[in-house]
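Below is my_file-v1.cif, which holds mmCIF, C-alpha atoms.
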```cif
data_protein
#
loop_
_atom_site.group_PDB
_atom_site.id
_atom_site.type_symbol
_atom_site.label_atom_id
_atom_site.label_comp_id
_atom_site.auth_asym_id
_atom_site.auth_seq_id
_atom_site.Cartn_x
_atom_site.Cartn_y
_atom_site.Cartn_z
ATOM 1 C CA MET A 1 -57.582 43.530 -73.787
ATOM 2 C CA SER A 2 -47.872 41.226 -74.862
ATOM 3 C CA MET A 3 -45.085 38.962 -75.111
ATOM 4 C CA LYS A 4 -42.936 36.387 -73.334
ATOM 5 C CA ILE A 5 -39.355 37.141 -72.326
ATOM 6 C CA GLU A 6 -36.989 34.245 -72.620
ATOM 7 C CA ASN A 7 -34.096 33.900 -70.209
ATOM 8 C CA SER A 8 -30.718 33.023 -71.706
ATOM 9 C CA THR A 9 -28.394 30.898 -69.572
ATOM 10 C CA ILE A 10 -24.980 32.355 -68.661
ATOM 11 C CA GLN A 11 -22.304 29.755 -68.027
ATOM 12 C CA PRO A 12 -19.462 30.387 -65.537
ATOM 13 C CA VAL A 13 -16.152 31.405 -67.083
ATOM 14 C CA GLN A 14 -12.861 30.164 -65.606
ATOM 15 C CA SER A 15 -11.072 32.805 -63.516
ATOM 16 C CA ASP A 16 -7.543 33.886 -64.528
ATOM 17 C CA PHE A 17 -6.447 33.104 -60.943
ATOM 18 C CA GLU A 18 -7.483 29.435 -61.003
ATOM 19 C CA PRO A 19 -4.929 26.738 -61.850
ATOM 20 C CA VAL A 20 -5.033 25.716 -65.499
ATOM 21 C CA LYS A 21 -6.347 22.204 -66.041
ATOM 22 C CA ALA A 22 -6.343 19.985 -69.064
ATOM 23 C CA GLN A 23 -9.200 20.993 -71.293
ATOM 24 C CA SER A 24 -11.557 18.277 -72.402
ATOM 25 C CA SER A 25 -13.848 18.456 -75.398
ATOM 26 C CA THR A 26 -16.758 18.879 -72.969
ATOM 27 C CA LYS A 27 -15.195 21.974 -71.409
ATOM 28 C CA THR A 28 -14.486 23.488 -74.806
ATOM 29 C CA THR A 29 -18.132 23.115 -75.694
ATOM 30 C CA THR A 30 -19.173 24.735 -72.401
ATOM 31 C CA GLU A 31 -16.846 27.698 -72.914
ATOM 32 C CA LYS A 32 -18.307 28.353 -76.343
ATOM 33 C CA LYS A 33 -21.899 28.303 -75.124
ATOM 34 C CA PRO A 34 -22.044 31.991 -74.034
ATOM 35 C CA HIS A 35 -21.055 32.941 -77.594
ATOM 36 C CA VAL A 36 -23.724 30.639 -79.032
ATOM 37 C CA ASP A 37 -26.330 32.107 -76.656
ATOM 38 C CA LYS A 38 -25.306 35.628 -77.647
ATOM 39 C CA VAL A 39 -25.699 34.805 -81.327
ATOM 40 C CA ALA A 40 -29.151 33.304 -80.669
ATOM 41 C CA GLY A 41 -30.143 36.362 -78.638
ATOM 42 C CA SER A 42 -28.946 38.721 -81.353
ATOM 43 C CA GLY A 43 -30.904 36.796 -83.947
ATOM 44 C CA ARG A 44 -34.042 37.003 -81.818
ATOM 45 C CA ILE A 45 -33.653 40.786 -81.450
ATOM 46 C CA ALA A 46 -33.030 41.220 -85.178
ATOM 47 C CA LYS A 47 -36.099 39.096 -85.967
ATOM 48 C CA TRP A 48 -38.385 41.336 -83.881
ATOM 49 C CA PHE A 49 -37.048 44.524 -85.494
ATOM 50 C CA SER A 50 -37.358 43.026 -88.979
ATOM 51 C CA GLN A 51 -41.100 42.699 -88.388
ATOM 52 C CA ALA A 52 -41.152 46.497 -88.130
ATOM 53 C CA GLY A 53 -39.073 46.885 -91.310
ATOM 54 C CA ILE A 54 -35.792 47.676 -89.474
ATOM 55 C CA TYR A 55 -32.644 45.640 -90.183
ATOM 56 C CA SER A 56 -29.239 45.314 -88.528
ATOM 57 C CA LEU A 57 -25.916 46.442 -89.966
ATOM 58 C CA GLY A 58 -24.588 44.058 -92.596
ATOM 59 C CA ASN A 59 -28.025 43.047 -93.796
ATOM 60 C CA SER A 60 -28.357 43.155 -97.592
ATOM 61 C CA LYS A 61 -31.484 45.285 -97.257
ATOM 62 C CA LEU A 62 -29.288 48.145 -95.976
ATOM 63 C CA LYS A 63 -27.966 48.637 -99.532
ATOM 64 C CA LYS A 64 -31.249 50.374 -100.368
ATOM 65 C CA THR A 65 -31.526 54.136 -100.181
ATOM 66 C CA ILE A 66 -33.257 55.710 -97.188
ATOM 67 C CA ASP A 67 -36.265 56.601 -99.359
ATOM 68 C CA GLU A 68 -36.572 52.978 -100.483
ATOM 69 C CA LYS A 69 -36.382 51.822 -96.873
ATOM 70 C CA ILE A 70 -39.117 54.275 -95.868
ATOM 71 C CA THR A 71 -41.346 53.082 -98.696
ATOM 72 C CA ASP A 72 -40.774 49.418 -97.804
ATOM 73 C CA ARG A 73 -41.445 50.059 -94.126
ATOM 74 C CA LEU A 74 -44.641 51.969 -94.813
ATOM 75 C CA LYS A 75 -45.866 49.150 -97.061
ATOM 76 C CA LEU A 76 -45.032 46.567 -94.398
ATOM 77 C CA LYS A 77 -46.806 48.618 -91.735
ATOM 78 C CA GLU A 78 -49.929 49.006 -93.856
ATOM 79 C CA ARG A 79 -49.946 45.297 -94.735
ATOM 80 C CA ARG A 80 -49.830 44.429 -91.034
ATOM 81 C CA LYS A 81 -52.671 46.844 -90.262
ATOM 82 C CA ILE A 82 -54.841 45.268 -92.952
ATOM 83 C CA THR A 83 -54.004 41.776 -91.674
ATOM 84 C CA ASN A 84 -54.920 42.810 -88.122
ATOM 85 C CA LEU A 85 -58.282 44.211 -89.250
ATOM 86 C CA GLU A 86 -59.018 41.126 -91.356
ATOM 87 C CA ASN A 87 -58.320 38.877 -88.365
ATOM 88 C CA ILE A 88 -60.580 40.966 -86.126
ATOM 89 C CA LEU A 89 -63.307 41.022 -88.785
ATOM 90 C CA ASN A 90 -63.270 37.218 -89.062
ATOM 91 C CA LYS A 91 -63.390 36.811 -85.286
ATOM 92 C CA ALA A 92 -66.303 39.262 -85.062
ATOM 93 C CA ILE A 93 -68.229 37.351 -87.729
ATOM 94 C CA ASN A 94 -67.627 34.035 -85.938
ATOM 95 C CA PHE A 95 -68.823 35.556 -82.659
ATOM 96 C CA CYS A 96 -71.772 37.395 -84.233
ATOM 97 C CA LEU A 97 -74.906 37.589 -82.047
ATOM 98 C CA GLU A 98 -78.508 37.528 -83.156
ATOM 99 C CA ASP A 99 -79.461 40.879 -84.610
ATOM 100 C CA GLY A 100 -82.333 42.209 -82.551
ATOM 101 C CA TYR A 101 -81.630 45.909 -83.050
ATOM 102 C CA SER A 102 -82.283 48.258 -85.952
ATOM 103 C CA GLU A 103 -80.036 51.041 -84.634
ATOM 104 C CA ASP A 104 -76.799 51.682 -86.537
ATOM 105 C CA ILE A 105 -73.340 51.986 -85.030
ATOM 106 C CA ASP A 106 -72.144 55.565 -84.542
ATOM 107 C CA PRO A 107 -69.785 56.311 -87.507
ATOM 108 C CA ASP A 108 -67.390 58.216 -85.214
ATOM 109 C CA TRP A 109 -67.260 55.188 -82.910
ATOM 110 C CA PHE A 110 -66.677 52.845 -85.881
ATOM 111 C CA PHE A 111 -63.750 54.738 -87.393
ATOM 112 C CA SER A 112 -62.186 55.271 -83.961
ATOM 113 C CA PHE A 113 -62.507 51.516 -83.451
ATOM 114 C CA ILE A 114 -60.796 50.848 -86.811
ATOM 115 C CA LYS A 115 -57.951 53.240 -86.006
ATOM 116 C CA MET A 116 -57.243 51.475 -82.716
ATOM 117 C CA ALA A 117 -57.954 47.916 -83.876
ATOM 118 C CA GLU A 118 -55.499 48.086 -86.787
ATOM 119 C CA GLU A 119 -52.665 48.193 -84.246
ATOM 120 C CA ILE A 120 -53.769 45.098 -82.285
ATOM 121 C CA TYR A 121 -51.262 42.353 -83.159
ATOM 122 C CA SER A 122 -51.747 39.713 -80.454
ATOM 123 C CA PRO A 123 -54.155 36.918 -81.519
ATOM 124 C CA SER A 124 -55.716 36.730 -78.044
ATOM 125 C CA MET A 125 -56.323 40.487 -77.974
ATOM 126 C CA GLN A 126 -57.670 40.393 -81.536
ATOM 127 C CA ASP A 127 -60.190 37.873 -80.235
ATOM 128 C CA LEU A 128 -61.360 40.400 -77.619
ATOM 129 C CA TRP A 129 -61.646 43.185 -80.195
ATOM 130 C CA GLY A 130 -63.637 40.889 -82.461
ATOM 131 C CA LYS A 131 -66.058 40.168 -79.615
ATOM 132 C CA ILE A 132 -66.379 43.877 -78.856
ATOM 133 C CA PHE A 133 -67.403 44.689 -82.414
ATOM 134 C CA ALA A 134 -69.835 41.765 -82.552
ATOM 135 C CA VAL A 135 -71.533 42.961 -79.358
ATOM 136 C CA GLU A 136 -71.510 46.617 -80.461
ATOM 137 C CA SER A 137 -72.999 45.772 -83.860
ATOM 138 C CA SER A 138 -75.797 43.860 -82.119
ATOM 139 C CA LYS A 139 -76.361 46.491 -79.432
ATOM 140 C CA PRO A 140 -74.814 49.899 -80.270
ATOM 141 C CA GLY A 141 -73.618 51.852 -77.256
ATOM 142 C CA SER A 142 -72.364 48.791 -75.352
ATOM 143 C CA PHE A 143 -68.746 49.999 -75.347
ATOM 144 C CA SER A 144 -67.544 53.565 -74.948
ATOM 145 C CA LEU A 145 -64.487 55.003 -76.685
ATOM 146 C CA ASN A 146 -62.882 55.382 -73.244
ATOM 147 C CA THR A 147 -63.196 51.631 -72.784
ATOM 148 C CA LEU A 148 -61.580 51.007 -76.179
ATOM 149 C CA GLN A 149 -58.700 53.345 -75.297
ATOM 150 C CA LEU A 150 -58.083 51.473 -72.052
ATOM 151 C CA LEU A 151 -58.363 48.079 -73.742
ATOM 152 C CA LYS A 152 -55.762 49.127 -76.304
ATOM 153 C CA CYS A 153 -53.310 49.773 -73.464
ATOM 154 C CA LEU A 154 -53.893 46.384 -71.814
ATOM 155 C CA THR A 155 -51.181 43.760 -72.098
ATOM 156 C CA GLN A 156 -51.877 40.029 -72.129
ATOM 157 C CA LYS A 157 -50.780 39.929 -68.485
ATOM 158 C CA ASP A 158 -53.259 42.683 -67.571
ATOM 159 C CA ALA A 159 -56.012 40.823 -69.408
ATOM 160 C CA LEU A 160 -55.236 37.596 -67.519
ATOM 161 C CA VAL A 161 -55.407 39.378 -64.143
ATOM 162 C CA PHE A 162 -58.702 41.000 -65.138
ATOM 163 C CA ARG A 163 -60.099 37.637 -66.236
ATOM 164 C CA ARG A 164 -58.993 36.092 -62.920
ATOM 165 C CA ALA A 165 -60.718 38.864 -60.964
ATOM 166 C CA LEU A 166 -63.957 38.349 -62.881
ATOM 167 C CA ASN A 167 -63.986 34.713 -61.771
ATOM 168 C CA PHE A 168 -64.773 36.051 -58.279
ATOM 169 C CA ALA A 169 -67.318 38.613 -59.458
ATOM 170 C CA SER A 170 -70.742 38.843 -57.813
ATOM 171 C CA ARG A 171 -73.879 40.593 -58.981
ATOM 172 C CA GLN A 172 -76.949 41.395 -56.954
ATOM 173 C CA LYS A 173 -80.238 40.733 -58.721
ATOM 174 C CA GLY A 174 -81.225 43.831 -60.675
ATOM 175 C CA ASP A 175 -77.709 45.307 -60.617
ATOM 176 C CA HIS A 176 -75.419 44.600 -63.605
ATOM 177 C CA SER A 177 -72.289 46.093 -62.029
ATOM 178 C CA PRO A 178 -69.928 43.297 -60.866
ATOM 179 C CA LYS A 179 -68.415 43.390 -57.387
ATOM 180 C CA LEU A 180 -65.834 41.413 -55.437
ATOM 181 C CA LEU A 181 -67.538 40.479 -52.174
ATOM 182 C CA ILE A 182 -65.011 40.184 -49.382
ATOM 183 C CA GLY A 183 -67.120 40.287 -46.206
ATOM 184 C CA TYR A 184 -69.357 42.348 -43.988
ATOM 185 C CA TYR A 185 -69.264 45.187 -41.478
ATOM 186 C CA ARG A 186 -71.536 45.805 -38.491
ATOM 187 C CA LYS A 187 -72.106 49.447 -37.699
ATOM 188 C CA LYS A 188 -71.149 50.441 -34.192
ATOM 189 C CA THR A 189 -73.848 51.030 -31.636
ATOM 190 C CA LEU A 190 -73.955 51.955 -27.974
ATOM 191 C CA TRP A 191 -73.711 48.258 -27.088
ATOM 192 C CA SER A 192 -71.217 47.226 -29.784
ATOM 193 C CA PHE A 193 -68.433 46.915 -27.190
ATOM 194 C CA LEU A 194 -70.170 43.734 -26.041
ATOM 195 C CA SER A 195 -69.403 42.117 -29.418
ATOM 196 C CA PRO A 196 -65.787 41.029 -30.002
ATOM 197 C CA HIS A 197 -66.036 41.653 -33.769
ATOM 198 C CA ASN A 198 -67.643 44.404 -35.813
ATOM 199 C CA GLY A 199 -66.889 42.759 -39.157
ATOM 200 C CA ASP A 200 -64.930 40.174 -41.056
ATOM 201 C CA GLN A 201 -63.229 40.108 -44.451
ATOM 202 C CA LEU A 202 -61.702 37.452 -46.686
ATOM 203 C CA ASN A 203 -58.210 37.713 -48.098
ATOM 204 C CA LEU A 204 -58.631 37.066 -51.823
ATOM 205 C CA ALA A 205 -54.934 36.214 -52.130
ATOM 206 C CA GLN A 206 -55.588 32.775 -50.653
ATOM 207 C CA PHE A 207 -57.787 32.082 -53.675
ATOM 208 C CA GLY A 208 -55.324 33.338 -56.298
ATOM 209 C CA LEU A 209 -56.110 37.050 -56.534
ATOM 210 C CA SER A 210 -53.328 38.924 -54.761
ATOM 211 C CA TYR A 211 -53.410 42.481 -53.432
ATOM 212 C CA PRO A 212 -50.869 43.598 -56.092
ATOM 213 C CA ASP A 213 -53.310 42.224 -58.684
ATOM 214 C CA LEU A 214 -56.064 44.390 -57.207
ATOM 215 C CA LEU A 215 -53.768 47.428 -57.190
ATOM 216 C CA ALA A 216 -52.918 46.824 -60.847
ATOM 217 C CA LEU A 217 -56.614 46.694 -61.751
ATOM 218 C CA MET A 218 -57.201 49.879 -59.771
ATOM 219 C CA ASP A 219 -54.370 51.665 -61.581
ATOM 220 C CA LEU A 220 -55.835 50.554 -64.910
ATOM 221 C CA GLY A 221 -59.195 52.024 -63.960
ATOM 222 C CA LEU A 222 -61.016 48.686 -63.914
ATOM 223 C CA ILE A 223 -61.781 48.613 -60.175
ATOM 224 C CA HIS A 224 -62.469 51.523 -57.817
ATOM 225 C CA HIS A 225 -59.579 52.455 -55.533
ATOM 226 C CA SER A 226 -61.166 51.676 -52.180
ATOM 227 C CA GLU A 227 -63.460 49.187 -50.526
ATOM 228 C CA ILE A 228 -67.144 50.095 -50.606
ATOM 229 C CA GLU A 229 -69.896 49.350 -48.116
ATOM 230 C CA SER A 230 -73.433 48.638 -49.228
ATOM 231 C CA GLY A 231 -76.329 50.442 -47.646
ATOM 232 C CA GLU A 232 -77.548 49.064 -44.335
ATOM 233 C CA ILE A 233 -79.459 45.838 -44.938
ATOM 234 C CA THR A 234 -83.008 45.883 -43.605
ATOM 235 C CA LEU A 235 -84.137 43.018 -41.400
ATOM 236 C CA GLY A 236 -86.474 40.729 -43.302
ATOM 237 C CA ASP A 237 -85.119 41.634 -46.736
ATOM 238 C CA ALA A 238 -83.893 38.702 -48.853
ATOM 239 C CA LEU A 239 -80.979 39.757 -51.073
ATOM 240 C CA GLU A 240 -80.446 37.553 -54.113
ATOM 241 C CA TRP A 241 -76.860 37.341 -55.373
ATOM 242 C CA ARG A 242 -75.013 35.473 -58.078
ATOM 243 C CA VAL A 243 -71.617 34.858 -56.474
ATOM 244 C CA ALA A 244 -68.751 33.419 -58.555
ATOM 245 C CA GLY A 245 -71.112 31.118 -60.426
ATOM 246 C CA HIS A 246 -73.324 30.217 -57.424
ATOM 247 C CA ASN A 247 -76.717 31.529 -56.335
ATOM 248 C CA MET A 248 -76.920 32.877 -52.791
ATOM 249 C CA THR A 249 -79.776 34.550 -50.893
ATOM 250 C CA LEU A 250 -78.840 36.583 -47.798
ATOM 251 C CA ALA A 251 -81.139 37.624 -44.944
ATOM 252 C CA ALA A 252 -79.664 39.678 -42.097
ATOM 253 C CA LYS A 253 -79.905 38.223 -38.577
ATOM 254 C CA ARG A 254 -79.463 41.620 -36.934
ATOM 255 C CA ARG A 255 -79.556 45.316 -37.681
ATOM 256 C CA GLY A 256 -76.682 47.524 -38.773
ATOM 257 C CA LEU A 257 -75.135 45.082 -41.280
ATOM 258 C CA THR A 258 -73.535 46.120 -44.542
ATOM 259 C CA LEU A 259 -71.677 44.095 -47.172
ATOM 260 C CA VAL A 260 -68.108 45.061 -48.053
ATOM 261 C CA TYR A 261 -66.776 44.729 -51.602
ATOM 262 C CA PHE A 262 -64.560 46.086 -54.336
ATOM 263 C CA LYS A 263 -66.634 47.517 -57.169
ATOM 264 C CA PHE A 264 -65.745 47.412 -60.845
ATOM 265 C CA THR A 265 -65.756 50.750 -62.656
ATOM 266 C CA SER A 266 -68.026 51.467 -65.607
ATOM 267 C CA THR A 267 -65.129 50.536 -67.902
ATOM 268 C CA GLY A 268 -64.538 47.303 -65.983
ATOM 269 C CA THR A 269 -68.265 46.560 -66.185
ATOM 270 C CA GLU A 270 -68.301 47.049 -69.968
ATOM 271 C CA LEU A 271 -65.291 44.776 -70.462
ATOM 272 C CA SER A 272 -66.753 42.130 -68.144
ATOM 273 C CA LYS A 273 -69.277 41.340 -70.893
ATOM 274 C CA LEU A 274 -66.443 39.793 -72.907
ATOM 275 C CA VAL A 275 -65.325 37.274 -70.289
ATOM 276 C CA ASN A 276 -66.861 33.902 -69.485
ATOM 277 C CA SER A 277 -66.056 33.429 -65.794
ATOM 278 C CA GLN A 278 -65.449 30.112 -64.045
ATOM 279 C CA LYS A 279 -66.995 28.927 -60.781
ATOM 280 C CA GLN A 280 -64.884 29.435 -57.643
ATOM 281 C CA ASP A 281 -66.149 26.782 -55.224
ATOM 282 C CA ASN A 282 -63.518 27.307 -52.511
ATOM 283 C CA TYR A 283 -64.064 31.045 -52.452
ATOM 284 C CA VAL A 284 -67.853 30.688 -52.267
ATOM 285 C CA MET A 285 -67.561 28.085 -49.493
ATOM 286 C CA ALA A 286 -65.321 30.390 -47.437
ATOM 287 C CA LEU A 287 -67.592 33.383 -48.065
ATOM 288 C CA ARG A 288 -70.698 31.437 -47.015
ATOM 289 C CA GLN A 289 -68.979 30.304 -43.832
ATOM 290 C CA GLN A 290 -67.946 33.857 -43.024
ATOM 291 C CA LEU A 291 -71.311 35.499 -43.758
ATOM 292 C CA SER A 292 -73.294 32.778 -41.939
ATOM 293 C CA ALA A 293 -72.237 34.383 -38.640
ATOM 294 C CA VAL A 294 -74.597 37.322 -39.296
ATOM 295 C CA PHE A 295 -76.770 36.216 -42.236
ATOM 296 C CA ASN A 296 -79.190 33.383 -42.881
ATOM 297 C CA ILE A 297 -78.035 31.948 -46.208
ATOM 298 C CA SER A 298 -79.918 29.838 -48.710
ATOM 299 C CA SER A 299 -79.054 28.758 -52.232
#
```
Go through the file and emit its structure as structure tokens.
Amino acid sequence: MSMKIENSTIQPVQSDFEPVKAQSSTKTTTEKKPHVDKVAGSGRIAKWFSQAGIYSLGNSKLKKTIDEKITDRLKLKERRKITNLENILNKAINFCLEDGYSEDIDPDWFFSFIKMAEEIYSPSMQDLWGKIFAVESSKPGSFSLNTLQLLKCLTQKDALVFRRALNFASRQKGDHSPKLLIGYYRKKTLWSFLSPHNGDQLNLAQFGLSYPDLLALMDLGLIHHSEIESGEITLGDALEWRVAGHNMTLAAKRRGLTLVYFKFTSTGTELSKLVNSQKQDNYVMALRQQLSAVFNISS
């Protein structure tokens, strides 16, 4: 489971067609600012490239031969890989779970993990990779290589959206796959025309999870691409749910009811183990109010 982009300020430059006015010291300073900003921007760019062992023209390091530059860059790259792995190792040790399993990690999985983890540079993403290894070492088979491949492609922004989505996650008792409950649907019957509504759904955007966020998670393969309906809920059945940090038991008031939700993929489900979600009181309150039209609800 990345970087910030700083905006440089561009000051207006006097047009050649405006009357010339007496220049004050303040104006002189203002006119020089674009040049200062350009120098700062150039320095920032050069700093990023230097971390990859590449230097701008005029830098004293350019006096080296191309073979010397290649050697230096390879050494720098390998040093960074070792530093990344050391950071992830320390985070994994700090997160280490109780060892209740005697099964060993698959060697192919381990060395694939190392190959991918050595190129994780962001501290926040290193934290996630450390947690993954701690969980995998305690319970081998928790994370597939496909999940690791996807996680390696995630940016910090993607990870934040995923974390936000998991705050709204619900799980039915006995089912470990998280879902985003958004409402219900009532199957049509011969007499359904007598009812003004056959269903109702919440707009998650009003709680901070926009539709573009959902589309992004779908494109990443963390959430399935379409809404899903549960099976028809039998009258008299009490469905126990854990919804965004709250317990909720649903009992249908009438026949033909199904719940509507977005379902996390197997990859999304595996990665959900790494995130500690936060309660969403407003969302749960709105969902309870909506579902109470067709369900008896108890906590």
Segment 72-169 of chain A residues near segment 226-249 of chain A within 6 Å, closest pair each, using only C-alpha atoms, as CSV:
```
residue,atom,partner,partner_atom,distance
A:Asn167,CA,A:Ala244,CA,5.9
A:Phe168,CA,A:Ala244,CA,4.8
A:Ala169,CA,A:Ala244,CA,5.5
```
Open item on the list: Need to verify the contact set: Cys96 of chain A, 8 Å, all atoms listed in the file, exclusion of same-chain residues closer than 2 positions in sequence. Can you return it as a ChimeraX atom specification?
Closed with: /A:92-94,98,131,134-135,138
Which residues are close to segment 170-185 of chain A, i.e. within 7 Å by all atoms listed in the file, leaving aside same-chain residues fewer than 3 positions away? Reply as a tab-separated table (two decimals) with C-alpha atoms, in the coordinates of the input.
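Listed below is the output, around.tsv:
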```tsv
chain	number	residue	atom	x	y	z
A	198	ASN	CA	-67.64	44.40	-35.81
A	199	GLY	CA	-66.89	42.76	-39.16
A	200	ASP	CA	-64.93	40.17	-41.06
A	201	GLN	CA	-63.23	40.11	-44.45
A	202	LEU	CA	-61.70	37.45	-46.69
A	240	GLU	CA	-80.45	37.55	-54.11
A	241	TRP	CA	-76.86	37.34	-55.37
A	242	ARG	CA	-75.01	35.47	-58.08
A	243	VAL	CA	-71.62	34.86	-56.47
A	244	ALA	CA	-68.75	33.42	-58.56
A	257	LEU	CA	-75.14	45.08	-41.28
A	258	THR	CA	-73.54	46.12	-44.54
A	259	LEU	CA	-71.68	44.10	-47.17
A	260	VAL	CA	-68.11	45.06	-48.05
A	261	TYR	CA	-66.78	44.73	-51.60
A	262	PHE	CA	-64.56	46.09	-54.34
A	263	LYS	CA	-66.63	47.52	-57.17
A	264	PHE	CA	-65.74	47.41	-60.84
A	269	THR	CA	-68.26	46.56	-66.18
A	291	LEU	CA	-71.31	35.50	-43.76
```
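Take the candidates A:Leu148, A:Ala165, A:Leu204, A:Leu215 and check each one against Ala286 of chain A using all atoms listed in the file; the shortest distance goes to A:Leu204.
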- [ ] Find, counting all atoms listed in the file, the residue in A:Val275, A:Leu145, A:Leu250, A:Met285 that gets nearest to Ser298 of chain A.
- [x] A:Leu250
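You will find atom CA of Lys152 of chain A at 10.1 Å from atom CA of Phe113 of chain A.
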- [ ] Considering all atoms listed in the file, return as a PyMOL selection string whatever protein or nucleic-acid residues lie within 9 Å of Glu103 of chain A, sequence-local ones (same chain, fewer than 2 positions apart) excluded.
- [x] chain A and resi 101+105+137-140
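The space separating atom CA of Met125 of chain A from atom CA of Asp106 of chain A comes to 22.8 Å.
Residue neighbourhood of Gln206 of chain A, excluding near-sequence residues (fewer than 3 positions): Leu202, Asn203, Leu209, Ser210, Asn282 and Tyr283 of chain A, at 10 Å, using all atoms listed in the file.
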TODO: Give me, please, the distance in Å between atom CA of Arg163 of chain A and atom CA of Ile132 of chain A, quoted to one decimal.
DONE: 15.4 Å
- [ ] Give as a list of chain:residue names the set of residues within 10 Å of the point (-67.1, 32.5, -75.6), where distances use the file's coordinates and all atoms listed in the file.
- [x] A:Phe95, A:Asp127, A:Leu128, A:Lys131, A:Leu274, A:Val275, A:Asn276, A:Ser277
TODO: Choose the residue, out of A:Ile70, A:Leu222, A:Leu76, A:Ala293, that has the smallest atom-to-atom separation from Ala251 of chain A; count all atoms listed in the file.
DONE: A:Ala293
